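Dumped work.cif below, it's mmCIF, C-alpha atoms and all ligand atoms:
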data_input
#
loop_
_atom_site.label_atom_id
_atom_site.label_comp_id
_atom_site.auth_asym_id
_atom_site.auth_seq_id
_atom_site.Cartn_x
_atom_site.Cartn_y
_atom_site.Cartn_z
CA MET U 119 55.95 99.76 95.46
CA GLU U 120 54.33 97.03 93.32
CA PRO U 121 50.62 97.26 92.31
CA PHE U 122 48.15 95.15 94.32
CA GLU U 123 44.52 94.00 94.43
CA LEU U 124 41.98 94.76 97.13
CA SER U 125 38.80 93.50 95.54
CA ASP U 126 37.70 91.65 98.69
CA LEU U 127 38.06 94.63 101.00
CA MET U 128 35.17 96.99 101.78
CA ILE U 129 36.58 100.51 102.24
CA GLY U 130 35.16 103.49 104.10
CA THR U 131 35.79 105.97 106.88
CA ALA U 132 35.21 106.11 110.64
CA THR U 133 34.10 108.91 112.95
CA ALA U 134 32.82 109.49 116.49
CA ALA U 135 29.77 111.66 117.17
CA ILE U 136 31.26 114.32 119.42
CA GLN U 137 34.34 114.74 117.27
CA ILE U 138 32.25 115.98 114.33
CA GLU U 139 28.76 117.00 115.41
CA GLY U 140 29.14 120.16 117.49
CA GLY U 141 26.37 121.76 119.52
CA ASP U 142 25.84 119.31 122.41
CA LYS U 143 26.35 120.53 125.97
CA ASN U 144 25.06 117.48 127.84
CA ASN U 145 28.20 115.39 127.79
CA ASN U 146 31.30 114.93 129.91
CA TRP U 147 33.78 116.07 127.27
CA TYR U 148 31.97 119.35 126.79
CA ASP U 149 32.17 119.85 130.56
CA TYR U 150 35.83 118.83 130.64
CA ALA U 151 36.73 121.20 127.79
CA THR U 152 35.40 124.15 129.78
CA LEU U 153 38.08 123.56 132.44
CA PRO U 154 41.16 125.72 131.86
CA GLY U 155 44.18 124.04 130.30
CA LYS U 156 42.54 120.70 129.50
CA ILE U 157 42.41 121.11 125.70
CA LYS U 158 45.70 122.13 124.08
CA ASP U 159 44.29 124.83 121.80
CA GLY U 160 41.49 125.81 124.17
CA SER U 161 38.85 124.61 121.68
CA SER U 162 35.55 122.96 122.59
CA PRO U 163 33.65 120.12 120.95
CA LEU U 164 30.78 122.58 120.68
CA ARG U 165 32.13 123.73 117.32
CA SER U 166 33.97 120.80 115.71
CA THR U 167 32.74 120.27 112.13
CA ASP U 168 29.06 121.14 112.67
CA HIS U 169 28.14 117.79 111.18
CA TRP U 170 24.88 117.80 113.15
CA ASN U 171 23.69 120.49 110.72
CA ARG U 172 25.76 119.46 107.73
CA TRP U 173 25.21 115.69 107.61
CA GLU U 174 23.42 115.86 104.27
CA GLU U 175 26.32 117.67 102.64
CA ASP U 176 28.83 115.26 104.24
CA THR U 177 26.85 112.18 103.20
CA ALA U 178 26.59 113.50 99.64
CA LEU U 179 30.37 113.95 99.56
CA MET U 180 30.92 110.39 100.80
CA ALA U 181 28.62 109.13 98.08
CA GLU U 182 30.44 111.21 95.47
CA LEU U 183 33.74 109.61 96.50
CA GLY U 184 32.14 106.18 96.29
CA LEU U 185 32.82 105.14 99.89
CA GLN U 186 31.41 101.68 100.56
CA THR U 187 30.89 101.81 104.30
CA TYR U 188 30.75 104.37 107.09
CA ARG U 189 31.41 103.89 110.79
CA MET U 190 29.55 106.52 112.78
CA GLY U 191 28.83 107.09 116.46
CA LEU U 192 25.61 107.94 118.25
CA GLU U 193 25.93 110.59 120.92
CA TRP U 194 24.41 108.96 124.01
CA SER U 195 23.88 112.32 125.76
CA ARG U 196 21.70 113.54 122.89
CA ILE U 197 19.57 110.39 122.90
CA GLU U 198 19.28 110.11 126.68
CA PRO U 199 19.79 113.66 128.02
CA LYS U 200 18.27 112.69 131.39
CA PRO U 201 18.44 109.24 133.02
CA GLY U 202 15.79 107.00 131.45
CA GLU U 203 14.33 109.84 129.32
CA PHE U 204 14.91 109.37 125.63
CA ASP U 205 14.76 112.21 123.14
CA ASN U 206 12.75 111.09 120.15
CA ALA U 207 13.87 114.03 118.01
CA ALA U 208 17.51 112.96 118.40
CA ILE U 209 16.63 109.38 117.45
CA GLN U 210 14.74 110.61 114.39
CA HIS U 211 17.72 112.76 113.43
CA TYR U 212 19.98 109.69 113.41
CA ARG U 213 17.33 107.68 111.55
CA ALA U 214 17.23 110.27 108.78
CA GLU U 215 21.01 110.32 108.55
CA ILE U 216 21.27 106.53 108.39
CA GLN U 217 18.51 106.38 105.78
CA ALA U 218 20.49 108.82 103.63
CA ILE U 219 23.62 106.69 104.09
CA LEU U 220 21.73 103.58 102.98
CA ALA U 221 20.21 105.44 100.03
CA ALA U 222 23.77 106.30 98.96
CA ASP U 223 24.59 102.58 98.96
CA ILE U 224 26.92 102.94 101.92
CA VAL U 225 26.87 100.24 104.62
CA PRO U 226 26.51 101.80 108.10
CA LEU U 227 28.49 100.49 111.07
CA VAL U 228 27.20 102.11 114.26
CA THR U 229 29.24 102.66 117.43
CA LEU U 230 27.28 102.61 120.70
CA HIS U 231 29.96 104.09 122.96
CA HIS U 232 32.92 106.17 121.86
CA PHE U 233 34.56 107.86 124.87
CA THR U 234 31.70 110.26 125.72
CA ASN U 235 29.15 109.93 128.52
CA PRO U 236 26.10 112.00 129.35
CA SER U 237 27.04 114.44 132.13
CA TRP U 238 24.56 112.72 134.48
CA PHE U 239 26.28 109.36 133.91
CA GLN U 240 29.65 110.96 134.57
CA GLY U 241 28.17 112.31 137.82
CA LEU U 242 27.30 108.78 138.93
CA GLY U 243 30.97 107.81 138.63
CA GLU U 244 30.77 106.83 134.91
CA TRP U 245 32.16 103.35 134.17
CA THR U 246 33.59 102.88 137.64
CA ALA U 247 30.04 102.65 139.06
CA PRO U 248 28.62 99.13 139.53
CA GLU U 249 25.28 100.23 137.99
CA SER U 250 27.01 101.64 134.86
CA VAL U 251 26.57 98.40 132.91
CA ASP U 252 22.80 98.18 133.36
CA ILE U 253 22.33 101.88 132.68
CA TRP U 254 24.21 101.67 129.40
CA LEU U 255 22.43 98.45 128.38
CA ARG U 256 19.10 100.26 128.76
CA PHE U 257 20.39 102.76 126.17
CA VAL U 258 21.61 99.94 123.91
CA ARG U 259 18.22 98.22 124.05
CA LYS U 260 16.45 101.45 123.14
CA VAL U 261 18.75 102.30 120.25
CA VAL U 262 18.84 98.83 118.73
CA THR U 263 15.06 98.63 118.96
CA GLU U 264 14.66 102.04 117.29
CA LEU U 265 17.33 101.64 114.59
CA GLY U 266 17.40 97.88 114.14
CA ASP U 267 15.40 98.00 110.90
CA LEU U 268 18.21 100.09 109.37
CA VAL U 269 21.39 98.85 111.05
CA THR U 270 22.76 95.34 111.47
CA ASP U 271 26.45 96.09 112.10
CA TRP U 272 27.46 97.39 115.53
CA VAL U 273 30.54 98.38 117.47
CA THR U 274 29.58 98.11 121.14
CA ILE U 275 32.41 100.07 122.74
CA ASN U 276 35.34 101.94 121.25
CA GLU U 277 38.75 101.20 122.75
CA PRO U 278 38.05 100.31 126.40
CA ASN U 279 41.82 100.22 127.02
CA VAL U 280 42.30 103.77 125.73
CA TYR U 281 39.25 105.10 127.57
CA ALA U 282 40.45 103.59 130.85
CA THR U 283 44.05 104.77 130.58
CA LEU U 284 43.28 108.19 129.07
CA CYS U 285 40.82 109.08 131.82
CA HIS U 286 42.27 107.24 134.84
CA LEU U 287 46.03 107.08 134.25
CA PHE U 288 47.33 109.65 131.74
CA LYS U 289 45.01 112.50 132.84
CA GLU U 290 44.04 113.30 129.26
CA GLY U 291 40.29 112.90 129.65
CA PRO U 292 37.58 113.29 132.29
CA PRO U 293 37.81 112.92 135.22
CA GLY U 294 41.56 113.27 134.68
CA ARG U 295 42.76 111.70 137.92
CA VAL U 296 45.16 108.81 138.43
CA SER U 297 43.54 105.77 140.02
CA TRP U 298 44.57 102.19 139.34
CA GLN U 299 41.50 100.97 141.15
CA ASN U 300 39.20 103.01 138.87
CA LEU U 301 41.16 101.95 135.81
CA ARG U 302 40.51 98.30 136.69
CA LEU U 303 36.85 98.95 137.45
CA VAL U 304 36.33 100.65 134.09
CA LEU U 305 37.91 97.75 132.22
CA ARG U 306 35.86 95.27 134.24
CA HIS U 307 32.58 97.04 133.59
CA MET U 308 33.28 97.67 129.93
CA ALA U 309 34.16 93.99 129.38
CA ILE U 310 30.91 92.92 131.06
CA ALA U 311 28.98 95.57 129.12
CA HIS U 312 30.37 94.35 125.81
CA VAL U 313 29.50 90.71 126.47
CA ARG U 314 25.99 91.54 127.61
CA ALA U 315 25.43 93.98 124.73
CA TYR U 316 26.65 91.30 122.32
CA ARG U 317 24.03 88.93 123.68
CA LEU U 318 21.30 91.56 123.84
CA ILE U 319 21.76 92.64 120.22
CA HIS U 320 21.68 89.01 119.14
CA GLU U 321 18.39 88.64 121.03
CA LEU U 322 16.92 91.73 119.40
CA GLN U 323 18.07 91.11 115.83
CA GLN U 324 18.58 88.24 113.44
CA ASN U 325 22.15 87.82 112.26
CA PRO U 326 23.65 91.10 113.39
CA GLN U 327 27.41 91.62 113.23
CA VAL U 328 28.63 92.73 116.63
CA GLY U 329 32.13 93.43 117.88
CA PHE U 330 34.10 96.05 119.73
CA ALA U 331 36.81 98.35 118.39
CA HIS U 332 40.02 97.32 120.11
CA HIS U 333 42.95 99.74 120.12
CA ALA U 334 45.89 97.54 119.19
CA ARG U 335 49.49 98.74 119.29
CA VAL U 336 52.77 97.02 118.62
CA PHE U 337 54.99 97.12 121.71
CA THR U 338 58.75 96.87 121.41
CA PRO U 339 61.58 97.51 123.89
CA ARG U 340 63.25 100.82 123.09
CA ASN U 341 66.59 99.09 123.47
CA GLN U 342 66.44 95.47 122.23
CA ASN U 343 69.36 94.52 124.51
CA ASN U 344 67.82 95.86 127.69
CA PRO U 345 66.27 92.94 129.61
CA LEU U 346 64.13 95.19 131.81
CA GLN U 347 62.68 96.96 128.79
CA LYS U 348 61.98 93.60 127.19
CA ILE U 349 60.03 92.52 130.23
CA MET U 350 58.17 95.84 130.45
CA SER U 351 57.24 95.65 126.78
CA ALA U 352 55.66 92.21 127.35
CA VAL U 353 53.95 93.42 130.53
CA ASP U 354 52.54 96.52 128.80
CA GLU U 355 51.24 94.38 125.97
CA LYS U 356 49.57 91.98 128.36
CA LEU U 357 47.97 94.69 130.49
CA PHE U 358 46.95 97.00 127.66
CA GLN U 359 45.76 94.45 125.12
CA ASP U 360 45.25 90.93 126.39
CA VAL U 361 43.31 91.59 129.58
CA ILE U 362 40.49 93.33 127.73
CA THR U 363 40.46 91.20 124.56
CA ASP U 364 40.43 87.94 126.52
CA ALA U 365 37.56 89.14 128.71
CA ALA U 366 35.42 90.86 126.07
CA LEU U 367 35.95 88.52 123.13
CA GLY U 368 36.36 85.23 124.95
CA GLY U 369 34.89 85.63 128.43
CA VAL U 370 38.31 84.70 129.83
CA TRP U 371 38.79 86.64 133.05
CA SER U 372 42.08 87.97 134.40
CA PRO U 373 42.17 88.30 138.22
CA LEU U 374 42.94 91.98 137.56
CA LEU U 375 39.29 92.37 136.58
CA GLY U 376 37.98 90.90 139.81
CA ARG U 377 35.56 88.00 139.88
CA ARG U 378 33.95 86.83 136.67
CA PRO U 379 30.18 87.47 136.84
CA ALA U 380 28.12 84.29 137.08
CA ASP U 381 26.32 84.89 133.77
CA ILE U 382 29.54 85.05 131.76
CA SER U 383 31.45 81.94 130.83
CA ALA U 384 34.20 81.31 128.31
CA GLY U 385 32.61 81.72 124.88
CA THR U 386 32.62 83.68 121.63
CA TYR U 387 31.35 87.23 122.00
CA TYR U 388 32.22 88.70 118.62
CA ASP U 389 31.21 88.27 114.98
CA TYR U 390 34.22 90.14 113.59
CA LEU U 391 37.52 91.32 115.01
CA GLY U 392 37.48 95.10 115.23
CA LEU U 393 40.95 96.65 115.33
CA ASN U 394 41.99 100.28 115.54
CA TYR U 395 45.62 100.45 114.52
CA TYR U 396 47.77 103.59 114.45
CA SER U 397 51.29 103.06 115.71
CA ARG U 398 54.01 101.26 117.62
CA SER U 399 55.24 102.01 121.12
CA ALA U 400 58.89 101.84 122.11
CA VAL U 401 58.73 100.88 125.75
CA THR U 402 60.99 102.01 128.55
CA GLY U 403 58.55 101.55 131.43
CA ILE U 404 54.91 102.44 131.82
CA ASN U 405 55.33 105.32 129.37
CA ASP U 406 56.12 104.76 125.76
CA GLY U 407 57.95 106.62 123.03
CA THR U 408 59.25 106.20 119.52
CA LEU U 409 62.27 104.29 118.30
CA PRO U 410 64.99 106.69 117.16
CA GLY U 411 65.26 107.18 113.40
CA ARG U 412 61.69 106.12 112.67
CA PRO U 413 59.38 108.15 110.40
CA ILE U 414 56.80 109.97 112.53
CA ASN U 415 53.54 111.80 111.96
CA ASP U 416 52.64 115.29 113.14
CA LEU U 417 51.86 113.99 116.65
CA GLY U 418 55.23 112.23 116.83
CA TRP U 419 53.77 108.72 116.40
CA ASP U 420 55.89 106.02 114.74
CA ILE U 421 54.62 105.23 111.25
CA TYR U 422 54.91 101.45 111.19
CA PRO U 423 52.73 99.89 108.45
CA GLU U 424 53.86 96.30 109.17
CA GLY U 425 52.16 96.64 112.54
CA ILE U 426 48.68 96.52 111.04
CA VAL U 427 49.31 92.89 110.10
CA GLU U 428 51.29 92.03 113.24
CA VAL U 429 48.42 93.01 115.54
CA ALA U 430 45.80 91.38 113.33
CA LYS U 431 47.77 88.14 113.11
CA ASN U 432 48.38 88.06 116.81
CA LEU U 433 44.75 88.52 117.76
CA SER U 434 43.14 86.48 114.99
CA GLU U 435 45.26 83.46 115.91
CA ARG U 436 43.61 83.53 119.32
CA TYR U 437 40.21 84.78 118.18
CA PRO U 438 39.61 83.76 114.56
CA ALA U 439 37.09 85.89 112.64
CA PRO U 440 36.92 88.24 109.67
CA ILE U 441 39.12 91.25 110.47
CA TRP U 442 37.68 94.74 110.26
CA ILE U 443 40.15 97.57 110.62
CA THR U 444 37.70 99.84 112.42
CA GLU U 445 40.24 102.70 112.44
CA ASN U 446 43.56 103.49 110.82
CA GLY U 447 44.88 106.94 110.06
CA THR U 448 47.47 109.60 110.77
CA ALA U 449 47.92 113.23 111.76
CA ASP U 450 49.22 115.07 108.70
CA ASN U 451 48.68 118.79 109.11
CA GLY U 452 49.89 119.70 105.63
CA ASN U 453 52.51 122.29 104.79
CA PRO U 454 51.67 125.85 105.79
CA VAL U 455 54.48 127.23 103.60
CA THR U 456 53.37 125.65 100.33
CA GLY U 457 49.69 125.54 101.31
CA GLU U 458 49.50 121.77 100.64
CA LEU U 459 46.65 120.28 102.66
CA GLU U 460 48.64 117.10 103.36
CA VAL U 461 52.14 115.82 102.82
CA PHE U 462 52.36 112.08 103.47
CA ARG U 463 48.86 110.67 104.13
CA PRO U 464 48.57 109.07 100.65
CA ARG U 465 51.85 107.21 101.26
CA PHE U 466 50.68 106.18 104.74
CA ILE U 467 47.46 104.73 103.32
CA LEU U 468 49.14 102.95 100.40
CA GLU U 469 51.72 101.34 102.69
CA HIS U 470 49.10 100.10 105.15
CA LEU U 471 46.81 98.78 102.41
CA LYS U 472 49.75 97.01 100.80
CA GLU U 473 50.49 95.20 104.05
CA ILE U 474 46.85 94.15 104.24
CA ALA U 475 46.83 92.95 100.63
CA ASP U 476 50.03 90.92 101.02
CA SER U 477 49.16 89.39 104.40
CA GLY U 478 47.00 86.43 103.44
CA LEU U 479 44.83 87.22 106.48
CA ASP U 480 41.06 87.53 106.35
CA PHE U 481 40.78 91.33 106.20
CA LYS U 482 37.25 92.26 105.15
CA ARG U 483 36.84 95.95 105.95
CA TYR U 484 39.05 99.03 106.24
CA TYR U 485 37.81 102.24 107.88
CA HIS U 486 40.10 105.21 107.46
CA TRP U 487 40.14 107.58 110.43
CA CYS U 488 38.64 109.94 109.49
CA PHE U 489 36.45 111.52 106.82
CA VAL U 490 36.56 115.26 107.58
CA ASP U 491 39.31 116.66 109.91
CA ASN U 492 37.80 116.59 113.38
CA TRP U 493 38.07 117.57 117.04
CA GLU U 494 40.83 115.41 118.49
CA TRP U 495 39.97 115.27 122.19
CA SER U 496 42.62 116.94 124.38
CA GLU U 497 44.62 117.81 121.23
CA GLY U 498 41.72 120.00 120.08
CA GLU U 499 41.51 121.11 116.45
CA ILE U 500 45.26 120.99 115.80
CA PRO U 501 45.92 117.47 114.42
CA ARG U 502 44.34 116.83 111.05
CA PHE U 503 43.37 113.22 110.34
CA GLY U 504 40.82 113.75 107.55
CA LEU U 505 40.62 112.69 103.93
CA VAL U 506 38.74 115.96 103.62
CA HIS U 507 40.08 119.26 104.94
CA ASN U 508 37.89 121.39 107.19
CA ASP U 509 38.17 125.13 107.51
CA TYR U 510 36.76 125.48 111.04
CA GLU U 511 35.96 129.19 110.61
CA THR U 512 33.80 128.73 107.54
CA GLN U 513 33.12 124.96 107.83
CA THR U 514 34.21 124.59 104.20
CA ARG U 515 35.16 121.03 103.17
CA THR U 516 37.91 120.43 100.60
CA VAL U 517 38.78 116.92 99.44
CA LYS U 518 42.49 116.20 99.95
CA PRO U 519 44.55 114.11 97.50
CA SER U 520 44.16 111.13 99.86
CA GLY U 521 40.35 111.40 99.58
CA GLN U 522 40.60 111.43 95.83
CA MET U 523 43.01 108.50 95.98
CA ILE U 524 40.74 106.35 98.17
CA SER U 525 37.93 107.04 95.75
CA GLU U 526 40.08 105.76 92.86
CA ILE U 527 41.23 102.71 94.84
CA ILE U 528 37.62 101.73 95.50
CA ALA U 529 36.67 102.25 91.85
CA GLN U 530 39.64 100.14 90.65
CA GLY U 531 39.37 97.46 93.33
CA GLY U 532 43.06 97.88 94.03
CA VAL U 533 46.17 99.95 93.45
CA SER U 534 47.65 100.23 89.97
CA THR U 535 51.13 101.38 88.91
CA GLU U 536 49.61 104.63 87.62
CA LEU U 537 47.91 105.27 90.94
CA ILE U 538 51.17 104.67 92.82
CA GLU U 539 52.99 107.10 90.53
CA LYS U 540 50.29 109.68 90.97
CA TYR U 541 49.96 109.57 94.77
CA LEU U 542 52.84 107.87 96.60
CA GLY U 543 55.01 111.00 96.71
CA PRO U 544 58.42 111.42 98.38
CA GLU U 545 59.56 109.72 101.61
CA TYR U 546 58.12 110.83 104.98
CA PRO U 547 59.34 114.30 105.97
CA ASN U 548 59.89 113.80 109.73
CA TYR U 549 61.93 111.29 111.77
CA ALA U 550 62.26 110.66 115.49
C1 LIG O 1 40.18 107.13 118.79
C2 LIG O 1 39.69 108.31 117.99
C3 LIG O 1 40.80 109.32 117.82
C4 LIG O 1 41.94 108.64 117.09
C5 LIG O 1 43.09 109.55 116.70
C6 LIG O 1 41.56 106.64 118.38
O1 LIG O 1 42.22 106.09 119.46
O2 LIG O 1 39.25 106.09 118.73
O3 LIG O 1 38.57 108.86 118.61
O4 LIG O 1 40.39 110.49 117.19
O5 LIG O 1 42.44 107.62 117.93
O6 LIG O 1 43.66 110.17 117.78
#

Would you mind giving the structure from this file in structure tokens?
Amino acid sequence: MEPFELSDLMIGTATAAIQIEGGDKNNNWYDYATLPGKIKDGSSPLRSTDHWNRWEEDTALMAELGLQTYRMGLEWSRIEPKPGEFDNAAIQHYRAEIQAILAADIVPLVTLHHFTNPSWFQGLGEWTAPESVDIWLRFVRKVVTELGDLVTDWVTINEPNVYATLCHLFKEGPPGRVSWQNLRLVLRHMAIAHVRAYRLIHELQQNPQVGFAHHARVFTPRNQNNPLQKIMSAVDEKLFQDVITDAALGGVWSPLLGRRPADISAGTYYDYLGLNYYSRSAVTGINDGTLPGRPINDLGWDIYPEGIVEVAKNLSERYPAPIWITENGTADNGNPVTGELEVFRPRFILEHLKEIADSGLDFKRYYHWCFVDNWEWSEGEIPRFGLVHNDYETQTRTVKPSGQMISEIIAQGGVSTELIEKYLGPEYPNYA
């Protein structure tokens, strides 16, 4: 690998509230995790990394590593534990945390919805319910009013396409039932919610930066010579990516989403392009897999660094804007035999950053998923995505080589030959 510059890229980490905070029983994922067999290791988000009590320590560690920006979530069920009743103590808690982040010279990017709902909202039928949009916008108005003096950069909704499919197709999240009708309703309501939140935040603040975090994958036929797989790959891409991006970013409505509401017309509903990029899918039908022979991470996902540019190019040609990689990361659980905390994450990061640096595209921010190892939804505490290791029993944080490396990359404004020699390491250990 040749050295490269990254002086124009702001670098930080991304998290979601429930995956790190612990202690909240008012949300749908807590409820879901109490059902037998739903979480692979039987863990609950009640523990996770106890960030709710350790945010000062975690913020100090981010500052020590020199991170430039931090994407964090607000747990809606803490702020609005009952419909229309806001908990001021929870809001003040987040205010204090964001003030500490700002004092550490770290730019906050705040996510307003990241997979979790208050239990009462889930009970109403969550995002399938026609009133869901207005209910959530009431929360958005409250939060932006309360935090708007501290925060100007917002992610409205994290990965509507993943939320909809996880919960209404793949049975990996609440309510865990298959319903195409509900899947479509969720996408419809989330697209409307994003557009209206975009407008609302622009009404409430001067010059905010508002977008949503879109989960973008590369789709490829598993067998390049199979015409059916070729068609399915294009269909999957269209359904999974284009329906939601066209509606939420451009107000362009697919018939799959039902009728376009009268207040939404074709327009520009984003200030940056938020992309979460992890992997590539080898398509055979509705399910996907991994191309044989490819390097894979500890969840079996294809490690395909070129994809970060492919998805960004694809989307930014249709929706031009500064590109923020709102998530990118990998499950690397380390080596239990040697005791190494990670094996290939430094290589993964260097290869993705190199693609960004060489692309000529307008990449402005990169958020690594995630800071401290966290609770990975139905996968529980098993996959480790962090730059910092967490011992869940003692809640002890230990910076991994990749955390140290990111710190040096930020300090140098790029990647030098010495840094490559120090961190790149051997080839990936596992292949599909
Ligand atoms: C989600 C994160 C999740 C990550 C890794 C993304 O799709 O936004 O919440 O932890 O993937 O699985």

Select, from U:Glu264, U:Asp406, U:Glu277, U:Glu458, the residue with the minimum atom-to-atom distance to ligand LIG 1 (chain O), counting all atoms listed in the file. U:Glu277

Looking at U:Asn144, U:Asn446, U:Gln513, U:Asn405, which one is nearest to Asn492 of chain U, with distances taken over only C-alpha atoms? U:Gln513

Nearest residue to ligand LIG 1 (chain O) out of U:Leu357, U:Leu305, U:Ala282, U:Leu468, using all atoms listed in the file? U:Ala282

Rank nothing, just name the residue among U:Leu471, U:Ile136, U:Ala430, U:Val258 nearest to Tyr484 of chain U, using all atoms listed in the file.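 Closest to Tyr484 of chain U, using all atoms listed in the file: U:Leu471.
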
Find the residues near ligand LIG 1 (chain O). Use a cut-off of 8 Å, count all atoms listed in the file, and write them as a list in words.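 Every residue with an atom at most 8 Å from ligand LIG 1 (chain O) is listed here: Thr133, Ala134, Gln137, His232, Phe233, Asn276, Glu277, Val280, His333, Asn394, Tyr396, Glu445, Gly447, Thr448, Ala449, Trp487, Cys488, Asn492, Trp493, Glu494, Trp495 and Phe503 of chain U.
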
What separation in Å, quoted to one decimal, exists between atom CA of Trp442 of chain U and atom CA of Thr274 of chain U?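 Between atom CA of Trp442 of chain U and atom CA of Thr274 of chain U the gap is 14.0 Å.
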
What does the distance between atom CA of Thr234 of chain U and atom CA of Thr246 of chain U come to in Å, to one decimal place?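 That distance, rounded to one decimal, is 14.1 Å.
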
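Residues lying within 12 Å of Val517 of chain U, counting only C-alpha atoms and ignoring same-chain neighbours fewer than 5 positions away, are Asp176, Leu179, Met180, Glu182, Leu183, Glu458, Leu459, Glu460, Phe489, Val490, Asp491, Gly504, Leu505, Val506, His507, Asn508, Asp509, Gln522, Met523, Ile524 and Ser525 of chain U.
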
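Using all atoms listed in the file, the shortest contact distance between Gln324 of chain U and any of U:Ser125, U:Thr270, U:Thr402, U:Gln210 is found at U:Thr270.
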
Give me the residues near Lys158 of chain U as a PyMOL selection string, where near means some atom within 9 Å (using only C-alpha atoms) and where sequence neighbours in that chain fewer than 4 positions away do not count. chain U and resi 496-500

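For the pair atom CA of Arg165 of chain U and atom CA of Gly457 of chain U, the interatomic distance is 23.8 Å.
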
Using all atoms listed in the file, which of the listed residues (U:Ala384, U:Arg314, U:Arg483, U:Gly376) sits closest to Val225 of chain U? U:Arg483

Please, can segment 123-134 of chain U be completed to N, CA, C and O atoms and returned as a short mmCIF file (atom, residue, chain, number, x, y, z; two decimals), in the frame of the given file?
data_model
loop_
_atom_site.label_atom_id
_atom_site.label_comp_id
_atom_site.auth_asym_id
_atom_site.auth_seq_id
_atom_site.Cartn_x
_atom_site.Cartn_y
_atom_site.Cartn_z
N GLU U 123 45.99 94.11 94.50
CA GLU U 123 44.52 94.00 94.43
C GLU U 123 43.90 94.14 95.80
O GLU U 123 44.47 93.71 96.80
N LEU U 124 42.69 94.67 95.84
CA LEU U 124 41.98 94.76 97.13
C LEU U 124 40.51 94.45 96.93
O LEU U 124 39.66 94.95 97.66
N SER U 125 40.20 93.63 95.95
CA SER U 125 38.80 93.50 95.54
C SER U 125 37.90 92.95 96.65
O SER U 125 36.70 93.16 96.65
N ASP U 126 38.50 92.27 97.62
CA ASP U 126 37.70 91.65 98.69
C ASP U 126 37.48 92.57 99.88
O ASP U 126 36.83 92.19 100.84
N LEU U 127 38.08 93.74 99.84
CA LEU U 127 38.06 94.63 101.00
C LEU U 127 37.03 95.74 100.81
O LEU U 127 37.06 96.43 99.80
N MET U 128 36.13 95.87 101.81
CA MET U 128 35.17 96.99 101.78
C MET U 128 35.87 98.19 102.42
O MET U 128 36.45 98.07 103.50
N ILE U 129 35.80 99.35 101.77
CA ILE U 129 36.58 100.51 102.24
C ILE U 129 35.66 101.69 102.58
O ILE U 129 34.74 102.01 101.82
N GLY U 130 35.93 102.31 103.71
CA GLY U 130 35.16 103.49 104.10
C GLY U 130 35.91 104.33 105.11
O GLY U 130 37.14 104.24 105.23
N THR U 131 35.17 105.12 105.86
CA THR U 131 35.79 105.97 106.88
C THR U 131 35.08 105.79 108.22
O THR U 131 33.96 105.31 108.27
N ALA U 132 35.76 106.23 109.29
CA ALA U 132 35.21 106.11 110.64
C ALA U 132 35.20 107.48 111.32
O ALA U 132 36.09 108.31 111.08
N THR U 133 34.19 107.67 112.17
CA THR U 133 34.10 108.91 112.95
C THR U 133 33.49 108.59 114.31
O THR U 133 32.97 107.51 114.52
N ALA U 134 33.53 109.58 115.20
CA ALA U 134 32.82 109.49 116.49
C ALA U 134 31.95 110.73 116.60
O ALA U 134 32.36 111.81 116.18
#
